[in-house]
$ cat work35.txt   # compact mmCIF, C-alpha atoms and all ligand atoms
# COMPACT_ATOMS: atom_id res chain seq x y z
CA MET F 12 -41.39 7.70 37.55
CA GLY F 13 -44.36 9.88 36.86
CA ARG F 14 -46.04 12.74 38.60
CA ILE F 15 -49.73 13.04 39.47
CA ASN F 16 -51.12 16.40 40.42
CA ALA F 17 -54.70 17.08 41.41
CA THR F 18 -55.77 20.67 41.92
CA GLU F 19 -59.10 22.03 43.16
CA ILE F 20 -60.94 18.78 42.48
CA SER F 21 -64.63 18.80 43.33
CA TRP F 22 -67.25 16.23 42.41
CA SER F 23 -70.87 15.88 43.36
CA VAL F 24 -73.63 13.45 42.61
CA LYS F 25 -77.35 14.04 43.05
CA GLY F 26 -76.64 17.33 44.77
CA HIS F 27 -74.28 15.80 47.35
CA GLN F 28 -70.73 17.06 47.27
CA LEU F 29 -68.55 13.96 47.63
CA LEU F 30 -65.22 15.66 46.97
CA ASP F 31 -64.59 19.27 47.86
CA ASN F 32 -61.61 21.23 46.56
CA ILE F 33 -59.07 18.40 46.80
CA GLU F 34 -55.39 19.21 46.34
CA MET F 35 -52.87 16.39 46.24
CA ALA F 36 -49.70 15.32 44.50
CA ALA F 37 -47.62 12.18 44.10
CA HIS F 38 -44.24 12.01 42.37
CA ASP F 39 -40.74 10.54 42.13
CA GLY F 40 -41.68 6.93 42.80
CA LYS F 41 -43.01 7.77 46.24
CA VAL F 42 -45.86 5.88 47.90
CA VAL F 43 -48.69 8.22 48.87
CA GLY F 44 -51.29 6.80 51.26
CA LEU F 45 -54.89 7.91 50.93
CA LEU F 46 -56.47 7.53 54.36
CA GLY F 47 -59.82 8.32 55.92
CA PRO F 48 -62.87 6.60 57.37
CA ASN F 49 -65.47 4.65 55.39
CA GLY F 50 -67.25 6.94 52.99
CA SER F 51 -64.69 9.77 53.24
CA GLY F 52 -64.11 9.73 49.46
CA LYS F 53 -60.95 7.68 48.88
CA SER F 54 -62.34 5.41 46.13
CA THR F 55 -64.14 8.34 44.53
CA LEU F 56 -60.92 10.34 44.40
CA LEU F 57 -58.99 7.37 42.96
CA ARG F 58 -61.65 7.03 40.23
CA LEU F 59 -61.25 10.69 39.35
CA LEU F 60 -57.45 10.36 39.31
CA ALA F 61 -57.85 7.35 36.99
CA GLY F 62 -60.02 9.33 34.60
CA LEU F 63 -63.03 7.07 35.19
CA ARG F 64 -65.02 10.10 36.39
CA ARG F 65 -64.73 13.70 35.32
CA PRO F 66 -64.41 16.25 38.10
CA ASP F 67 -66.96 19.10 38.20
CA THR F 68 -64.09 21.49 38.81
CA GLY F 69 -60.34 21.19 38.95
CA THR F 70 -57.68 19.37 36.99
CA VAL F 71 -55.76 16.12 37.23
CA ARG F 72 -52.37 16.20 35.53
CA TYR F 73 -49.96 13.41 34.67
CA ASP F 74 -46.60 15.14 34.48
CA ASP F 75 -47.67 18.34 32.78
CA THR F 76 -50.53 16.94 30.72
CA SER F 77 -54.12 17.33 31.80
CA LEU F 78 -56.10 14.09 31.96
CA ARG F 79 -58.56 15.70 29.54
CA ASP F 80 -55.85 15.68 26.86
CA LEU F 81 -54.82 12.05 27.37
CA SER F 82 -56.62 9.34 25.42
CA ARG F 83 -57.54 6.19 27.32
CA ARG F 84 -54.90 4.20 25.42
CA VAL F 85 -52.12 6.70 26.02
CA LEU F 86 -53.06 6.86 29.70
CA ALA F 87 -53.06 3.05 29.93
CA ARG F 88 -49.46 3.03 28.70
CA ARG F 89 -48.37 4.82 31.84
CA LEU F 90 -51.07 4.36 34.52
CA ALA F 91 -52.15 1.08 36.11
CA VAL F 92 -55.22 0.83 38.33
CA VAL F 93 -55.82 -1.90 40.90
CA GLU F 94 -59.44 -1.62 41.99
CA GLN F 95 -60.99 -2.74 45.23
CA ASP F 96 -63.56 -5.11 43.78
CA VAL F 97 -61.63 -7.85 42.11
CA THR F 98 -62.89 -8.01 38.55
CA ALA F 99 -64.64 -11.21 37.52
CA HIS F 100 -62.80 -12.92 34.68
CA ASN F 101 -64.65 -16.00 33.51
CA HIS F 102 -63.11 -18.96 31.71
CA VAL F 103 -59.64 -17.50 31.60
CA SER F 104 -56.39 -18.54 33.20
CA VAL F 105 -54.45 -16.43 35.66
CA ARG F 106 -51.77 -15.86 33.03
CA GLN F 107 -54.34 -14.57 30.55
CA VAL F 108 -55.47 -12.01 33.13
CA VAL F 109 -51.89 -10.86 33.62
CA GLU F 110 -51.47 -10.71 29.82
CA LEU F 111 -54.15 -8.01 29.79
CA GLY F 112 -51.49 -5.70 31.20
CA ARG F 113 -49.79 -5.76 27.78
CA THR F 114 -52.96 -4.72 25.89
CA PRO F 115 -52.11 -0.98 25.68
CA PHE F 116 -48.87 -1.84 23.87
CA ARG F 117 -50.29 -4.24 21.27
CA GLY F 118 -52.22 -3.91 18.08
CA ARG F 119 -55.65 -5.51 18.24
CA PHE F 120 -54.63 -8.75 16.51
CA ASP F 121 -50.95 -8.84 17.43
CA ALA F 122 -49.63 -11.90 19.25
CA LEU F 123 -47.65 -11.40 22.44
CA THR F 124 -43.97 -10.99 21.67
CA GLU F 125 -41.14 -12.69 23.54
CA HIS F 126 -40.55 -9.37 25.25
CA ASP F 127 -44.19 -9.33 26.43
CA GLN F 128 -43.86 -12.91 27.70
CA ARG F 129 -40.74 -12.04 29.68
CA ILE F 130 -42.51 -9.09 31.32
CA ILE F 131 -45.49 -11.32 32.20
CA ASP F 132 -43.17 -13.99 33.66
CA ALA F 133 -41.43 -11.36 35.78
CA ALA F 134 -44.73 -9.89 37.00
CA LEU F 135 -46.06 -13.32 38.02
CA GLU F 136 -42.79 -14.07 39.78
CA ARG F 137 -42.75 -10.74 41.58
CA VAL F 138 -46.11 -11.36 43.26
CA GLY F 139 -45.40 -15.05 43.90
CA ILE F 140 -48.09 -16.67 41.75
CA THR F 141 -46.01 -18.28 39.00
CA ASP F 142 -47.19 -21.70 40.12
CA LYS F 143 -50.84 -20.63 39.77
CA GLN F 144 -50.59 -19.16 36.27
CA ARG F 145 -52.31 -22.05 34.45
CA GLN F 146 -55.12 -22.21 36.98
CA SER F 147 -58.53 -20.89 36.10
CA TRP F 148 -59.10 -17.36 37.45
CA HIS F 149 -62.25 -18.27 39.38
CA THR F 150 -60.40 -20.96 41.36
CA LEU F 151 -58.03 -18.46 43.00
CA SER F 152 -58.48 -17.36 46.60
CA GLY F 153 -59.33 -13.70 47.28
CA GLY F 154 -55.73 -12.87 48.15
CA GLU F 155 -54.35 -14.69 45.10
CA LYS F 156 -56.75 -12.73 42.89
CA GLN F 157 -55.51 -9.53 44.45
CA ARG F 158 -51.91 -10.52 43.77
CA ALA F 159 -52.79 -11.48 40.19
CA GLN F 160 -54.37 -8.05 39.69
CA LEU F 161 -51.16 -6.50 40.92
CA ALA F 162 -49.20 -8.69 38.48
CA ARG F 163 -51.45 -7.40 35.66
CA ALA F 164 -50.68 -3.86 36.79
CA LEU F 165 -46.93 -4.58 36.87
CA ALA F 166 -47.11 -6.13 33.39
CA GLN F 167 -48.26 -2.71 32.20
CA GLU F 168 -44.82 -1.38 33.23
CA PRO F 169 -46.56 1.74 34.52
CA ARG F 170 -45.08 5.02 35.64
CA GLU F 171 -47.90 5.44 38.15
CA ILE F 172 -50.17 2.97 39.97
CA LEU F 173 -53.43 3.70 41.78
CA LEU F 174 -54.50 1.03 44.26
CA ASP F 175 -57.73 0.86 46.23
CA GLU F 176 -57.24 -1.05 49.47
CA PRO F 177 -54.96 -3.63 47.86
CA THR F 178 -54.25 -5.41 51.14
CA ASN F 179 -57.79 -6.22 52.25
CA HIS F 180 -57.72 -9.91 51.29
CA LEU F 181 -54.05 -10.49 51.96
CA ASP F 182 -52.55 -12.37 54.86
CA ILE F 183 -50.09 -10.43 57.02
CA ARG F 184 -47.00 -11.52 55.14
CA TYR F 185 -48.40 -10.51 51.76
CA GLN F 186 -49.62 -7.19 53.17
CA LEU F 187 -46.07 -6.37 54.21
CA GLU F 188 -44.61 -7.74 50.97
CA LEU F 189 -47.03 -5.79 48.80
CA LEU F 190 -46.25 -2.47 50.46
CA GLU F 191 -42.52 -3.19 50.44
CA LEU F 192 -42.83 -4.02 46.75
CA LEU F 193 -44.65 -0.75 46.01
CA GLY F 194 -41.88 1.16 47.77
CA SER F 195 -39.18 -0.60 45.77
CA LEU F 196 -40.72 -0.22 42.31
CA ARG F 197 -39.62 3.25 41.19
CA VAL F 198 -43.26 3.77 40.26
CA THR F 199 -45.30 6.60 41.75
CA CYS F 200 -48.10 5.04 43.82
CA VAL F 201 -51.30 6.35 45.37
CA VAL F 202 -52.79 3.72 47.64
CA ALA F 203 -56.00 3.85 49.67
CA LEU F 204 -55.40 2.11 52.99
CA HIS F 205 -57.33 1.46 56.19
CA ASP F 206 -54.46 0.11 58.24
CA LEU F 207 -52.78 3.12 59.81
CA ASN F 208 -49.76 1.09 60.91
CA LEU F 209 -49.10 -0.04 57.35
CA ALA F 210 -49.49 3.56 56.21
CA ALA F 211 -47.13 4.78 58.94
CA ARG F 212 -44.51 2.24 58.01
CA TYR F 213 -44.59 2.21 54.23
CA CYS F 214 -46.01 5.49 52.95
CA HIS F 215 -43.69 8.41 52.30
CA HIS F 216 -46.60 10.82 52.46
CA VAL F 217 -50.22 10.49 53.58
CA VAL F 218 -53.37 12.41 52.68
CA VAL F 219 -56.25 12.10 55.14
CA LEU F 220 -59.73 12.61 53.73
CA ASP F 221 -62.74 13.41 55.86
CA HIS F 222 -66.20 14.14 54.47
CA GLY F 223 -64.70 14.57 51.00
CA GLN F 224 -62.12 17.14 52.05
CA VAL F 225 -58.39 16.92 52.73
CA PHE F 226 -58.22 17.05 56.51
CA ALA F 227 -54.41 16.80 56.70
CA ALA F 228 -51.45 15.85 54.51
CA GLY F 229 -47.76 15.30 55.16
CA THR F 230 -45.38 12.67 56.46
CA PRO F 231 -47.01 9.88 58.50
CA ALA F 232 -45.20 11.08 61.64
CA ALA F 233 -46.51 14.63 61.22
CA VAL F 234 -50.06 13.61 60.34
CA LEU F 235 -50.88 10.48 62.33
CA THR F 236 -51.19 12.04 65.77
CA THR F 237 -53.53 11.00 68.58
CA GLU F 238 -55.51 14.22 68.05
CA LEU F 239 -56.01 13.65 64.33
CA ILE F 240 -57.02 10.00 64.74
CA ARG F 241 -59.44 10.95 67.50
CA SER F 242 -61.12 13.69 65.47
CA VAL F 243 -61.19 11.91 62.09
CA TYR F 244 -61.79 8.30 63.11
CA GLY F 245 -63.33 8.78 66.57
CA VAL F 246 -60.81 6.39 68.07
CA GLU F 247 -58.54 6.85 71.07
CA VAL F 248 -55.02 5.67 70.26
CA LEU F 249 -51.53 5.57 71.64
CA VAL F 250 -48.88 6.71 69.15
CA ASP F 251 -45.29 5.82 69.93
CA ARG F 252 -42.21 4.30 68.31
CA GLU F 253 -41.54 0.61 68.09
CA PRO F 254 -38.38 0.19 70.23
CA THR F 255 -36.28 -1.94 67.86
CA ALA F 256 -36.79 -0.41 64.42
CA GLY F 257 -38.09 2.94 65.65
CA THR F 258 -41.06 2.87 63.28
CA LEU F 259 -44.21 4.77 64.16
CA ARG F 260 -46.66 2.54 66.04
CA ILE F 261 -50.35 3.12 66.59
CA THR F 262 -52.16 1.14 69.27
CA TYR F 263 -55.94 1.31 69.14
CA LEU F 264 -57.42 1.80 72.62
CA ALA F 265 -61.14 2.52 72.26
CA ALA F 266 -63.77 3.96 69.99
CA THR F 267 -64.65 7.31 71.54
CA ALA F 268 -67.64 8.67 69.67
CA PRO F 269 -69.93 7.60 66.88
CA ARG F 270 -68.68 8.98 63.59
CA THR F 271 -70.70 11.84 62.22
CA ALA F 272 -69.63 10.93 58.65
CA ASP F 273 -72.54 8.53 58.37
CA ALA F 274 -74.92 11.46 58.59
CA THR F 275 -73.57 12.81 55.31
CA ALA F 276 -73.39 9.49 53.49
CA VAL F 277 -75.40 9.37 50.31
CA ALA F 278 -77.43 6.34 49.50
CA GLY F 279 -77.12 4.56 46.17
N1 LIG F 301 -72.26 7.25 42.36
C1 LIG F 301 -72.55 7.57 43.62
N2 LIG F 301 -73.81 7.95 43.95
C2 LIG F 301 -74.11 8.29 45.23
N3 LIG F 301 -73.22 8.27 46.22
C3 LIG F 301 -71.98 7.90 45.96
C4 LIG F 301 -71.57 7.53 44.64
N4 LIG F 301 -70.27 7.19 44.69
C5 LIG F 301 -69.88 7.36 45.98
N5 LIG F 301 -70.90 7.77 46.75
C6 LIG F 301 -70.85 8.09 48.20
O1 LIG F 301 -69.72 8.89 48.39
C7 LIG F 301 -69.11 8.64 49.64
C8 LIG F 301 -67.66 8.34 49.43
O2 LIG F 301 -67.54 7.03 48.90
P1 LIG F 301 -66.15 6.34 48.64
O3 LIG F 301 -66.41 4.96 48.12
O4 LIG F 301 -65.31 7.24 47.82
O5 LIG F 301 -65.54 6.29 50.11
P2 LIG F 301 -64.26 5.54 50.66
O6 LIG F 301 -63.50 6.55 51.46
O7 LIG F 301 -63.54 4.86 49.57
O8 LIG F 301 -64.92 4.50 51.63
P3 LIG F 301 -64.51 2.99 52.10
O9 LIG F 301 -63.41 3.16 53.08
O10 LIG F 301 -65.77 2.52 52.77
O11 LIG F 301 -64.14 2.20 50.88
C9 LIG F 301 -69.90 7.52 50.27
O12 LIG F 301 -70.78 8.06 51.22
C10 LIG F 301 -70.65 6.89 49.10
O13 LIG F 301 -71.87 6.34 49.51

$ encode --input "work35.txt" --output "structure tokens"
Amino acid sequence: MGRINATEISWSVKGHQLLDNIEMAAHDGKVVGLLGPNGSGKSTLLRLLAGLRRPDTGTVRYDDTSLRDLSRRVLARRLAVVEQDVTAHNHVSVRQVVELGRTPFRGRFDALTEHDQRIIDAALERVGITDKQRQSWHTLSGGEKQRAQLARALAQEPREILLDEPTNHLDIRYQLELLELLGSLRVTCVVALHDLNLAARYCHHVVVLDHGQVFAAGTPAAVLTTELIRSVYGVEVLVDREPTAGTLRITYLAATAPRTADATAVAG
């Protein structure tokens, strides 16, 4: 179970500051939810955490090592990334996509070992697509592709996983299963989510971004208040507890005001 630490992260493009002095941490196999309206900077922050962009200022650390000192291959042996846009894989089977998860552990021309195959079998099984593994990637539904991407991530046997809206194509059952799975993995997860009820129920900790800044961070119960949701999302809500399980419940009542975030959005 790894530890991700981001300190004083700022990033701008074409003179527009998209992330401003971000501080966040994820550790001990906990699920950290990255929340915030469209354009608030969630995907941008995930890309910086993944080392796909270099921050202008600040440092991302995995355990005690700065991302700058980790080669791509060494990072790929511990960090899995599940991106929002499902990657196009042409002329390959679902299993071959999941096999990609073993790439960081293999020499360029090495065949998959029995150990690799067992890990791939387990990953396919875990996301419920074993029966689809021989199918061509492009024939999968959106949700099946998303689950296959998660299987690829699991095949990496990561210590940390970054996921960008992993539930957006999933039906309700798979949304719940995916978040339950993340919580059970003993892998530190940072997951960008739009559904505040899923965040309330499954995240140990949430970080709310607004206009590229951390607006609030803490437990879902401490952060997801009517006041915060009104000021960040411009939505009037009722927050209470579901009577049987006692989980935090957010009922959306009405949009109150147009979001001002759009005014700061940067084209292109
Ligand atoms: N390379 C770039 N050039 C210009 N603007 C960018 C670039 N990357 C991101 N942006 C802008 O930065 C802002 C944050 O984008 P980002 O995708 O991180 O938001 P998000 O919180 O993930 O949004 P969503 O919920 O819609 O997925 C947006 O306004 C976006 O248009």

$ residues_near_ligand --input "work35.txt" --ligand "ligand LIG 301 (chain F)" --cutoff "9 Å" --atoms "only C-alpha atoms and all ligand atoms" --output "number ranges by chain"
F: 23-25, 27-30, 45-58, 95, 175-176, 203-205, 220-223, 272-273, 275-279

$ closest_residue --input "work35.txt" --among "F:His216, F:Arg65, F:Lys156, F:Arg252" --to "F:Ala36" --atoms "all atoms listed in the file"
F:His216

$ closest_residue --input "work35.txt" --among "F:Val109, F:Leu123, F:Ala227, F:Ile140" --to "F:Leu165" --atoms "only C-alpha atoms"
F:Val109

$ atom_distance --input "work35.txt" --atom1 "atom CA of F:Asp182" --atom2 "atom CA of F:Thr237"
27.1 Å

$ residues_around --input "work35.txt" --residues "F:Val71" --least-positions-apart "2" --cutoff "6 Å" --atoms "only C-alpha atoms" --output "ChimeraX atom specification"
/F:16-17,77-78

$ atom_distance --input "work35.txt" --atom1 "atom CA of F:Pro231" --atom2 "atom CA of F:Val217"
5.9 Å

$ closest_residue --input "work35.txt" --among "F:Gln157, F:Asn179, F:Thr199, F:Gln186" --to "F:Ala91" --atoms "all atoms listed in the file"
F:Thr199

$ atom_distance --input "work35.txt" --atom1 "atom CA of F:Arg137" --atom2 "atom CA of F:His215"
22.0 Å

$ residues_around --input "work35.txt" --residues "F:Glu188" --least-positions-apart "4" --cutoff "12 Å" --atoms "only C-alpha atoms" --output "count of residues only"
16

$ closest_residue --input "work35.txt" --among "F:Val219, F:Val234, F:Val43, F:Ala166" --to "F:Arg106" --atoms "only C-alpha atoms"
F:Ala166

$ closest_residue --input "work35.txt" --among "F:Val225, F:Ala256, F:Arg113, F:Asp206" --to "F:Ile20" --atoms "all atoms listed in the file"
F:Val225

$ decode --input "work35.txt" --residues "stretch 128-170 of chain F" --atoms "N, CA and C atoms" --output "compact mmCIF listing (two decimals), in the first residue's frame"
# COMPACT_ATOMS: atom_id res chain seq x y z
N GLN F 128 0.07 -15.29 -16.21
CA GLN F 128 -1.25 -15.75 -16.68
C GLN F 128 -2.23 -15.86 -15.53
N ARG F 129 -1.74 -16.33 -14.39
CA ARG F 129 -2.62 -16.45 -13.22
C ARG F 129 -3.11 -15.08 -12.76
N ILE F 130 -2.22 -14.10 -12.79
CA ILE F 130 -2.60 -12.74 -12.37
C ILE F 130 -3.64 -12.17 -13.34
N ILE F 131 -3.45 -12.44 -14.64
CA ILE F 131 -4.39 -11.95 -15.66
C ILE F 131 -5.76 -12.62 -15.48
N ASP F 132 -5.74 -13.95 -15.25
CA ASP F 132 -7.00 -14.67 -15.00
C ASP F 132 -7.74 -14.05 -13.81
N ALA F 133 -7.00 -13.79 -12.74
CA ALA F 133 -7.62 -13.25 -11.52
C ALA F 133 -8.19 -11.85 -11.77
N ALA F 134 -7.46 -11.05 -12.56
CA ALA F 134 -7.93 -9.68 -12.83
C ALA F 134 -9.21 -9.71 -13.66
N LEU F 135 -9.24 -10.58 -14.67
CA LEU F 135 -10.44 -10.71 -15.51
C LEU F 135 -11.63 -11.14 -14.66
N GLU F 136 -11.37 -12.10 -13.79
CA GLU F 136 -12.40 -12.65 -12.92
C GLU F 136 -12.95 -11.56 -11.98
N ARG F 137 -12.04 -10.80 -11.44
CA ARG F 137 -12.39 -9.79 -10.44
C ARG F 137 -13.34 -8.74 -10.98
N VAL F 138 -13.20 -8.40 -12.28
CA VAL F 138 -14.09 -7.39 -12.85
C VAL F 138 -15.24 -8.02 -13.66
N GLY F 139 -15.30 -9.36 -13.64
CA GLY F 139 -16.44 -10.06 -14.24
C GLY F 139 -16.45 -10.07 -15.76
N ILE F 140 -15.27 -10.12 -16.40
CA ILE F 140 -15.28 -10.19 -17.86
C ILE F 140 -14.50 -11.40 -18.41
N THR F 141 -14.38 -12.43 -17.58
CA THR F 141 -13.69 -13.65 -18.02
C THR F 141 -14.30 -14.19 -19.31
N ASP F 142 -15.62 -14.16 -19.38
CA ASP F 142 -16.30 -14.72 -20.55
C ASP F 142 -16.12 -13.87 -21.81
N LYS F 143 -15.59 -12.66 -21.65
CA LYS F 143 -15.40 -11.78 -22.83
C LYS F 143 -13.94 -11.76 -23.28
N GLN F 144 -13.08 -12.50 -22.63
CA GLN F 144 -11.64 -12.29 -22.84
C GLN F 144 -11.16 -12.59 -24.26
N ARG F 145 -11.84 -13.46 -24.99
CA ARG F 145 -11.40 -13.77 -26.36
C ARG F 145 -12.01 -12.82 -27.38
N GLN F 146 -12.95 -12.02 -26.92
CA GLN F 146 -13.64 -11.10 -27.82
C GLN F 146 -12.69 -9.98 -28.26
N SER F 147 -12.95 -9.46 -29.43
CA SER F 147 -12.16 -8.35 -29.93
C SER F 147 -12.49 -7.10 -29.12
N TRP F 148 -11.45 -6.31 -28.79
CA TRP F 148 -11.64 -5.14 -27.93
C TRP F 148 -12.75 -4.23 -28.43
N HIS F 149 -12.76 -3.97 -29.75
CA HIS F 149 -13.70 -2.97 -30.27
C HIS F 149 -15.16 -3.44 -30.22
N THR F 150 -15.38 -4.73 -29.91
CA THR F 150 -16.77 -5.20 -29.82
C THR F 150 -17.36 -5.05 -28.41
N LEU F 151 -16.54 -4.61 -27.46
CA LEU F 151 -17.05 -4.47 -26.09
C LEU F 151 -17.93 -3.22 -25.96
N SER F 152 -18.87 -3.28 -25.02
CA SER F 152 -19.67 -2.09 -24.72
C SER F 152 -18.79 -1.11 -23.93
N GLY F 153 -19.26 0.12 -23.78
CA GLY F 153 -18.49 1.14 -23.05
C GLY F 153 -18.14 0.69 -21.63
N GLY F 154 -19.13 0.12 -20.96
CA GLY F 154 -18.91 -0.31 -19.58
C GLY F 154 -17.95 -1.49 -19.50
N GLU F 155 -18.06 -2.41 -20.47
CA GLU F 155 -17.14 -3.56 -20.49
C GLU F 155 -15.71 -3.10 -20.75
N LYS F 156 -15.56 -2.09 -21.61
CA LYS F 156 -14.22 -1.55 -21.85
C LYS F 156 -13.65 -0.95 -20.56
N GLN F 157 -14.53 -0.26 -19.84
CA GLN F 157 -14.07 0.36 -18.60
C GLN F 157 -13.62 -0.71 -17.60
N ARG F 158 -14.39 -1.80 -17.56
CA ARG F 158 -14.02 -2.88 -16.63
C ARG F 158 -12.74 -3.57 -17.09
N ALA F 159 -12.57 -3.70 -18.40
CA ALA F 159 -11.33 -4.31 -18.92
C ALA F 159 -10.12 -3.43 -18.59
N GLN F 160 -10.31 -2.11 -18.66
CA GLN F 160 -9.21 -1.21 -18.30
C GLN F 160 -8.85 -1.36 -16.83
N LEU F 161 -9.88 -1.58 -16.02
CA LEU F 161 -9.60 -1.79 -14.60
C LEU F 161 -8.86 -3.11 -14.41
N ALA F 162 -9.25 -4.13 -15.18
CA ALA F 162 -8.55 -5.43 -15.10
C ALA F 162 -7.08 -5.26 -15.47
N ARG F 163 -6.82 -4.45 -16.51
CA ARG F 163 -5.42 -4.19 -16.91
C ARG F 163 -4.67 -3.53 -15.74
N ALA F 164 -5.35 -2.59 -15.09
CA ALA F 164 -4.72 -1.92 -13.94
C ALA F 164 -4.45 -2.92 -12.82
N LEU F 165 -5.41 -3.81 -12.56
CA LEU F 165 -5.21 -4.80 -11.49
C LEU F 165 -4.09 -5.77 -11.82
N ALA F 166 -3.97 -6.09 -13.13
CA ALA F 166 -2.90 -7.02 -13.56
C ALA F 166 -1.52 -6.42 -13.30
N GLN F 167 -1.47 -5.12 -13.14
CA GLN F 167 -0.19 -4.45 -12.82
C GLN F 167 0.19 -4.68 -11.36
N GLU F 168 -0.71 -5.25 -10.57
CA GLU F 168 -0.52 -5.42 -9.12
C GLU F 168 0.05 -4.13 -8.51
N PRO F 169 -0.68 -3.03 -8.68
CA PRO F 169 -0.12 -1.74 -8.27
C PRO F 169 -0.20 -1.52 -6.76
N ARG F 170 0.57 -0.57 -6.31
CA ARG F 170 0.45 -0.11 -4.93
C ARG F 170 -0.46 1.10 -4.86
